[in-house]
$ cat query-v2.cif   # mmCIF, C-alpha atoms
data_my_file
#
loop_
_atom_site.group_PDB
_atom_site.id
_atom_site.type_symbol
_atom_site.label_atom_id
_atom_site.label_comp_id
_atom_site.auth_asym_id
_atom_site.auth_seq_id
_atom_site.Cartn_x
_atom_site.Cartn_y
_atom_site.Cartn_z
ATOM 1 C CA GLY A 243 -20.228 -41.453 -12.454
ATOM 2 C CA THR A 244 -22.658 -40.011 -9.900
ATOM 3 C CA GLU A 245 -21.746 -42.687 -7.362
ATOM 4 C CA LEU A 246 -18.012 -42.077 -7.855
ATOM 5 C CA LEU A 247 -18.470 -38.307 -7.385
ATOM 6 C CA LYS A 248 -20.439 -38.915 -4.192
ATOM 7 C CA GLN A 249 -17.674 -41.192 -2.854
ATOM 8 C CA MET A 250 -14.978 -38.618 -3.662
ATOM 9 C CA GLN A 251 -16.904 -35.834 -1.943
ATOM 10 C CA GLU A 252 -17.375 -37.966 1.174
ATOM 11 C CA ASN A 253 -13.781 -39.217 1.237
ATOM 12 C CA PRO A 254 -11.490 -37.076 -0.947
ATOM 13 C CA PRO A 255 -8.116 -38.570 -1.880
ATOM 14 C CA GLU A 256 -5.196 -37.541 0.359
ATOM 15 C CA SER A 257 -3.292 -36.346 -2.721
ATOM 16 C CA LEU A 258 -5.675 -33.379 -3.003
ATOM 17 C CA LYS A 259 -4.463 -32.093 0.357
ATOM 18 C CA THR A 260 -0.787 -31.956 -0.638
ATOM 19 C CA GLY A 261 1.315 -31.038 -3.618
ATOM 20 C CA PRO A 262 2.604 -27.904 -5.242
ATOM 21 C CA THR A 263 0.870 -24.627 -4.627
ATOM 22 C CA THR A 264 0.602 -21.679 -6.936
ATOM 23 C CA PRO A 265 1.291 -18.237 -5.484
ATOM 24 C CA ILE A 266 -1.399 -15.641 -5.954
ATOM 25 C CA ALA A 267 -0.632 -13.454 -8.955
ATOM 26 C CA THR A 268 -1.080 -9.892 -7.774
ATOM 27 C CA LYS A 269 -0.502 -8.078 -11.057
ATOM 28 C CA ASP A 270 -4.222 -8.048 -11.845
ATOM 29 C CA MET A 271 -5.425 -7.359 -8.308
ATOM 30 C CA ALA A 272 -6.755 -3.967 -7.277
ATOM 31 C CA PHE A 273 -4.365 -1.721 -5.341
ATOM 32 C CA LEU A 274 -6.004 -2.061 -1.911
ATOM 33 C CA GLU A 275 -6.272 -5.838 -2.294
ATOM 34 C CA LYS A 276 -2.508 -5.982 -2.885
ATOM 35 C CA VAL A 277 -1.802 -3.896 0.213
ATOM 36 C CA LYS A 278 -4.178 -6.015 2.299
ATOM 37 C CA LEU A 279 -2.633 -9.290 1.130
ATOM 38 C CA LYS A 280 1.035 -8.283 1.287
ATOM 39 C CA GLY A 281 0.618 -6.302 4.508
ATOM 40 C CA ASN A 282 -1.214 -9.065 6.397
ATOM 41 C CA LEU A 283 -4.077 -6.685 7.064
ATOM 42 C CA GLY A 284 -7.555 -7.716 8.173
ATOM 43 C CA ASP A 285 -9.636 -5.729 5.724
ATOM 44 C CA LEU A 286 -9.601 -3.231 2.894
ATOM 45 C CA TYR A 287 -10.335 -0.295 5.207
ATOM 46 C CA ASP A 288 -7.117 -1.043 7.113
ATOM 47 C CA ALA A 289 -5.279 -1.162 3.775
ATOM 48 C CA ARG A 290 -6.696 2.219 2.759
ATOM 49 C CA ASP A 291 -5.906 3.855 6.098
ATOM 50 C CA VAL A 292 -2.353 2.504 6.249
ATOM 51 C CA THR A 293 -1.729 3.541 2.637
ATOM 52 C CA GLU A 294 -2.794 7.093 3.434
ATOM 53 C CA VAL A 295 -0.425 7.269 6.428
ATOM 54 C CA VAL A 296 2.510 5.796 4.484
ATOM 55 C CA TYR A 297 1.869 8.244 1.648
ATOM 56 C CA ARG A 298 1.658 11.196 4.060
ATOM 57 C CA THR A 299 4.955 10.194 5.645
ATOM 58 C CA MET A 300 6.618 9.791 2.240
ATOM 59 C CA ARG A 301 5.299 13.160 1.036
ATOM 60 C CA ASP A 302 6.682 14.849 4.129
ATOM 61 C CA LEU A 303 10.155 13.942 2.869
ATOM 62 C CA MET A 304 9.499 15.298 -0.630
ATOM 63 C CA SER A 305 9.268 18.704 -2.235
ATOM 64 C CA THR A 306 5.834 19.786 -3.439
ATOM 65 C CA ASP A 307 6.977 19.525 -7.069
ATOM 66 C CA SER A 308 8.241 15.994 -6.544
ATOM 67 C CA ALA A 309 5.043 14.933 -4.782
ATOM 68 C CA ASP A 310 2.980 16.447 -7.622
ATOM 69 C CA ARG A 311 4.964 14.457 -10.206
ATOM 70 C CA VAL A 312 4.199 11.260 -8.308
ATOM 71 C CA ALA A 313 0.499 12.169 -8.061
ATOM 72 C CA SER A 314 0.344 12.743 -11.817
ATOM 73 C CA GLU A 315 1.253 9.090 -12.401
ATOM 74 C CA LEU A 316 -1.177 7.564 -9.909
ATOM 75 C CA HIS A 317 -4.384 7.050 -11.869
ATOM 76 C CA GLU A 318 -5.649 3.635 -10.795
ATOM 77 C CA ASP A 319 -8.853 3.250 -8.852
ATOM 78 C CA THR A 320 -7.992 1.726 -5.461
ATOM 79 C CA LEU A 321 -10.751 -0.880 -5.662
ATOM 80 C CA PRO A 322 -12.796 -0.549 -8.874
ATOM 81 C CA GLU A 323 -15.494 -3.081 -8.025
ATOM 82 C CA ALA A 324 -16.176 -1.772 -4.522
ATOM 83 C CA SER A 325 -19.747 -0.853 -3.773
ATOM 84 C CA GLU A 326 -18.737 1.342 -0.820
ATOM 85 C CA LYS A 327 -17.592 4.799 -1.869
ATOM 86 C CA ALA A 328 -14.968 4.867 0.917
ATOM 87 C CA LEU A 329 -13.038 2.105 -0.859
ATOM 88 C CA HIS A 330 -13.685 3.361 -4.374
ATOM 89 C CA GLU A 331 -11.207 6.222 -4.678
ATOM 90 C CA ASP A 332 -8.602 7.387 -7.103
ATOM 91 C CA LEU A 333 -5.135 6.432 -5.906
ATOM 92 C CA ALA A 334 -3.899 9.988 -6.527
ATOM 93 C CA LYS A 335 -6.452 11.205 -3.974
ATOM 94 C CA LEU A 336 -4.900 8.979 -1.312
ATOM 95 C CA TRP A 337 -1.463 10.239 -2.319
ATOM 96 C CA GLN A 338 -2.538 13.865 -1.982
ATOM 97 C CA ASP A 339 -4.301 13.110 1.317
ATOM 98 C CA THR A 340 -8.034 12.996 1.837
ATOM 99 C CA ASN A 341 -7.840 15.568 4.653
ATOM 100 C CA PRO A 342 -8.030 19.052 3.052
ATOM 101 C CA LEU A 343 -6.069 20.751 5.845
ATOM 102 C CA VAL A 344 -3.226 18.225 5.665
ATOM 103 C CA ARG A 345 -3.233 18.516 1.865
ATOM 104 C CA PHE A 346 -2.958 22.314 2.120
ATOM 105 C CA LEU A 347 -0.127 22.189 4.668
ATOM 106 C CA SER A 348 1.748 19.635 2.554
ATOM 107 C CA ASN A 349 1.777 22.116 -0.318
ATOM 108 C CA ILE A 350 3.193 25.068 1.603
ATOM 109 C CA ARG A 351 5.858 23.596 3.869
ATOM 110 C CA PRO A 352 9.375 22.551 2.824
ATOM 111 C CA PRO A 353 10.416 18.867 2.890
ATOM 112 C CA LEU A 354 11.073 17.494 6.353
ATOM 113 C CA LYS A 355 14.196 15.569 7.322
ATOM 114 C CA PHE A 356 13.875 12.524 9.547
ATOM 115 C CA ASP A 357 15.395 9.066 9.983
ATOM 116 C CA ASP A 358 14.170 5.470 9.692
ATOM 117 C CA ASP A 359 13.048 5.282 13.311
ATOM 118 C CA THR A 360 10.852 8.362 12.938
ATOM 119 C CA PHE A 361 9.394 7.046 9.675
ATOM 120 C CA PHE A 362 8.413 3.686 11.192
ATOM 121 C CA TYR A 363 7.262 5.309 14.457
ATOM 122 C CA ARG A 364 4.857 7.538 12.530
ATOM 123 C CA ILE A 365 3.466 4.562 10.608
ATOM 124 C CA LYS A 366 2.989 2.616 13.840
ATOM 125 C CA GLN A 367 1.374 5.519 15.725
ATOM 126 C CA GLU A 368 -0.765 7.046 12.984
ATOM 127 C CA GLY A 369 -1.571 3.887 11.041
ATOM 128 C CA SER A 370 -3.385 1.916 13.753
ATOM 129 C CA ILE A 371 -1.586 -1.200 12.564
ATOM 130 C CA PRO A 372 -3.150 -4.456 13.783
ATOM 131 C CA GLU A 373 -1.073 -6.742 16.006
ATOM 132 C CA SER A 374 -1.082 -9.363 13.239
ATOM 133 C CA THR A 375 1.472 -7.332 11.296
ATOM 134 C CA GLY A 376 4.068 -4.605 11.779
ATOM 135 C CA PRO A 377 5.093 -1.219 10.385
ATOM 136 C CA LYS A 378 7.817 -2.596 8.118
ATOM 137 C CA THR A 379 5.476 -5.202 6.644
ATOM 138 C CA VAL A 380 2.756 -2.699 5.809
ATOM 139 C CA VAL A 381 5.238 -0.133 4.504
ATOM 140 C CA LYS A 382 6.719 -2.722 2.157
ATOM 141 C CA ALA A 383 3.210 -3.736 1.034
ATOM 142 C CA VAL A 384 2.305 -0.136 0.181
ATOM 143 C CA PHE A 385 5.671 0.381 -1.501
ATOM 144 C CA SER A 386 5.268 -2.757 -3.616
ATOM 145 C CA ALA A 387 1.764 -1.884 -4.791
ATOM 146 C CA THR A 388 2.767 1.740 -5.456
ATOM 147 C CA LYS A 389 5.869 0.919 -7.468
ATOM 148 C CA GLU A 390 3.699 -1.057 -9.897
ATOM 149 C CA GLU A 391 1.886 2.199 -10.712
ATOM 150 C CA LEU A 392 4.927 4.431 -11.250
ATOM 151 C CA SER A 393 7.481 4.982 -13.966
ATOM 152 C CA ALA A 394 11.127 4.072 -13.336
ATOM 153 C CA GLU A 395 11.918 7.779 -13.109
ATOM 154 C CA ARG A 396 9.395 8.337 -10.268
ATOM 155 C CA VAL A 397 10.590 5.186 -8.477
ATOM 156 C CA LYS A 398 14.141 6.522 -8.552
ATOM 157 C CA GLU A 399 13.027 10.004 -7.478
ATOM 158 C CA ILE A 400 11.235 8.620 -4.428
ATOM 159 C CA ALA A 401 14.207 6.427 -3.497
ATOM 160 C CA GLY A 402 16.364 9.553 -3.438
ATOM 161 C CA VAL A 403 14.414 11.138 -0.560
ATOM 162 C CA LEU A 404 13.929 8.098 1.672
ATOM 163 C CA PRO A 405 16.245 7.427 4.626
ATOM 164 C CA GLY A 406 18.466 4.284 4.802
ATOM 165 C CA GLU A 407 16.372 1.270 5.837
ATOM 166 C CA VAL A 408 13.177 2.768 4.408
ATOM 167 C CA ARG A 409 14.991 3.193 1.080
ATOM 168 C CA GLU A 410 16.103 -0.453 1.247
ATOM 169 C CA LEU A 411 12.458 -1.504 1.739
ATOM 170 C CA TRP A 412 11.451 0.674 -1.224
ATOM 171 C CA GLU A 413 14.110 -0.854 -3.446
ATOM 172 C CA SER A 414 13.326 -4.444 -2.406
ATOM 173 C CA ALA A 415 9.546 -4.042 -2.707
#
$ encode --input "query-v2.cif" --output "structure tokens"
Amino acid sequence: GTELLKQMQENPPESLKTGPTTPIATKDMAFLEKVKLKGNLGDLYDARDVTEVVYRTMRDLMSTDSADRVASELHEDTLPEASEKALHEDLAKLWQDTNPLVRFLSNIRPPLKFDDDTFFYRIKQEGSIPESTGPKTVVKAVFSATKEELSAERVKEIAGVLPGEVRELWESA
């Protein structure tokens, strides 16, 4: 048996290199891991930063009451096993924005109105998106991971404020 194992390690059968693959099941992954994987991002810090920018842009389209209802449903820890505090945050904190000034301004101003191009432009400019991906890819990744955390009612409420193509990404995520 030992000799056979040694032979297989030195010269593995070709059949091990081909065959069916199993997609990664993301339902049990932490939020930031999902965003990193689906958004083709290099690390978890990129996933956190992009999520914050996407959330800020979404909130800008929403009333304060609507944004508060979404925040009330976001309870998951972004990366529970993280040793670094920067990655170990409550998802609702990212939704409400980690910058206190931005969070304050979000609560006092009315919803903004802008189109798809402005939405994606903001993500591209503010999100520092790596060249390995694009704004639509990361937006869809954040949308997909977020929708798993929300009730059907909140998902529908958010869809109602998003412009055309952004709404299509939300619905397909």
$ residues_around --input "query-v2.cif" --residues "A:Arg298" --least-positions-apart "3" --cutoff "8 Å" --atoms "all atoms listed in the file" --output "MDAnalysis selection string"
chainID A and resid 294:295 301:302 337:339
$ residues_around --input "query-v2.cif" --residues "stretch 279-284 of chain A" --least-positions-apart "2" --cutoff "8 Å" --atoms "all atoms listed in the file" --output "list in words"
Glu275, Lys276, Val277, Leu286, Asp288, Ala289, Pro372, Ser374, Thr375, Thr379, Val380, Val381, Lys382, Ala383 and Val384 of chain A
$ write_last_selection --input "query-v2.cif" --atoms "C-alpha atoms" --output "PDB file, in the coordinates of the input"
ATOM      1  CA  GLU A 275      -6.272  -5.838  -2.294  1.00  0.00           C
ATOM      2  CA  LYS A 276      -2.508  -5.982  -2.885  1.00  0.00           C
ATOM      3  CA  VAL A 277      -1.802  -3.896   0.213  1.00  0.00           C
ATOM      4  CA  LEU A 286      -9.601  -3.231   2.894  1.00  0.00           C
ATOM      5  CA  ASP A 288      -7.117  -1.043   7.113  1.00  0.00           C
ATOM      6  CA  ALA A 289      -5.279  -1.162   3.775  1.00  0.00           C
ATOM      7  CA  PRO A 372      -3.150  -4.456  13.783  1.00  0.00           C
ATOM      8  CA  SER A 374      -1.082  -9.363  13.239  1.00  0.00           C
ATOM      9  CA  THR A 375       1.472  -7.332  11.296  1.00  0.00           C
ATOM     10  CA  THR A 379       5.476  -5.202   6.644  1.00  0.00           C
ATOM     11  CA  VAL A 380       2.756  -2.699   5.809  1.00  0.00           C
ATOM     12  CA  VAL A 381       5.238  -0.133   4.504  1.00  0.00           C
ATOM     13  CA  LYS A 382       6.719  -2.722   2.157  1.00  0.00           C
ATOM     14  CA  ALA A 383       3.210  -3.736   1.034  1.00  0.00           C
ATOM     15  CA  VAL A 384       2.305  -0.136   0.181  1.00  0.00           C
TER      16      VAL A 384
END
$ residues_around --input "query-v2.cif" --residues "A:Ser314" --least-positions-apart "4" --cutoff "9 Å" --atoms "only C-alpha atoms" --output "ChimeraX atom specification"
/A:309-310,334
$ write_last_selection --input "query-v2.cif" --atoms "C-alpha atoms" --output "CSV table (one decimal), in the coordinates of the input"
chain,number,residue,atom,x,y,z
A,309,ALA,CA,5.0,14.9,-4.8
A,310,ASP,CA,3.0,16.4,-7.6
A,334,ALA,CA,-3.9,10.0,-6.5
$ closest_residue --input "query-v2.cif" --among "A:Val312, A:Leu247, A:Leu392, A:Met304" --to "A:Lys335" --atoms "all atoms listed in the file"
A:Val312
$ residues_near_point --input "query-v2.cif" --point "(2.6, 9.2, -11.2)" --cutoff "8 Å" --atoms "all atoms listed in the file" --output "list of chain:residue names"
A:Arg311, A:Val312, A:Ala313, A:Ser314, A:Glu315, A:Leu316, A:His317, A:Glu391, A:Leu392, A:Ser393, A:Arg396
$ atom_distance --input "query-v2.cif" --atom1 "atom CA of A:Ser348" --atom2 "atom CA of A:Arg290"
19.4 Å
$ closest_residue --input "query-v2.cif" --among "A:Glu252, A:Glu373, A:Glu368, A:Glu407" --to "A:Thr299" --atoms "all atoms listed in the file"
A:Glu368
$ atom_distance --input "query-v2.cif" --atom1 "atom CA of A:Leu347" --atom2 "atom CA of A:Ser305"
12.2 Å
$ closest_residue --input "query-v2.cif" --among "A:Val397, A:Ile350, A:Ala415, A:Val292" --to "A:Lys278" --atoms "all atoms listed in the file"
A:Val292
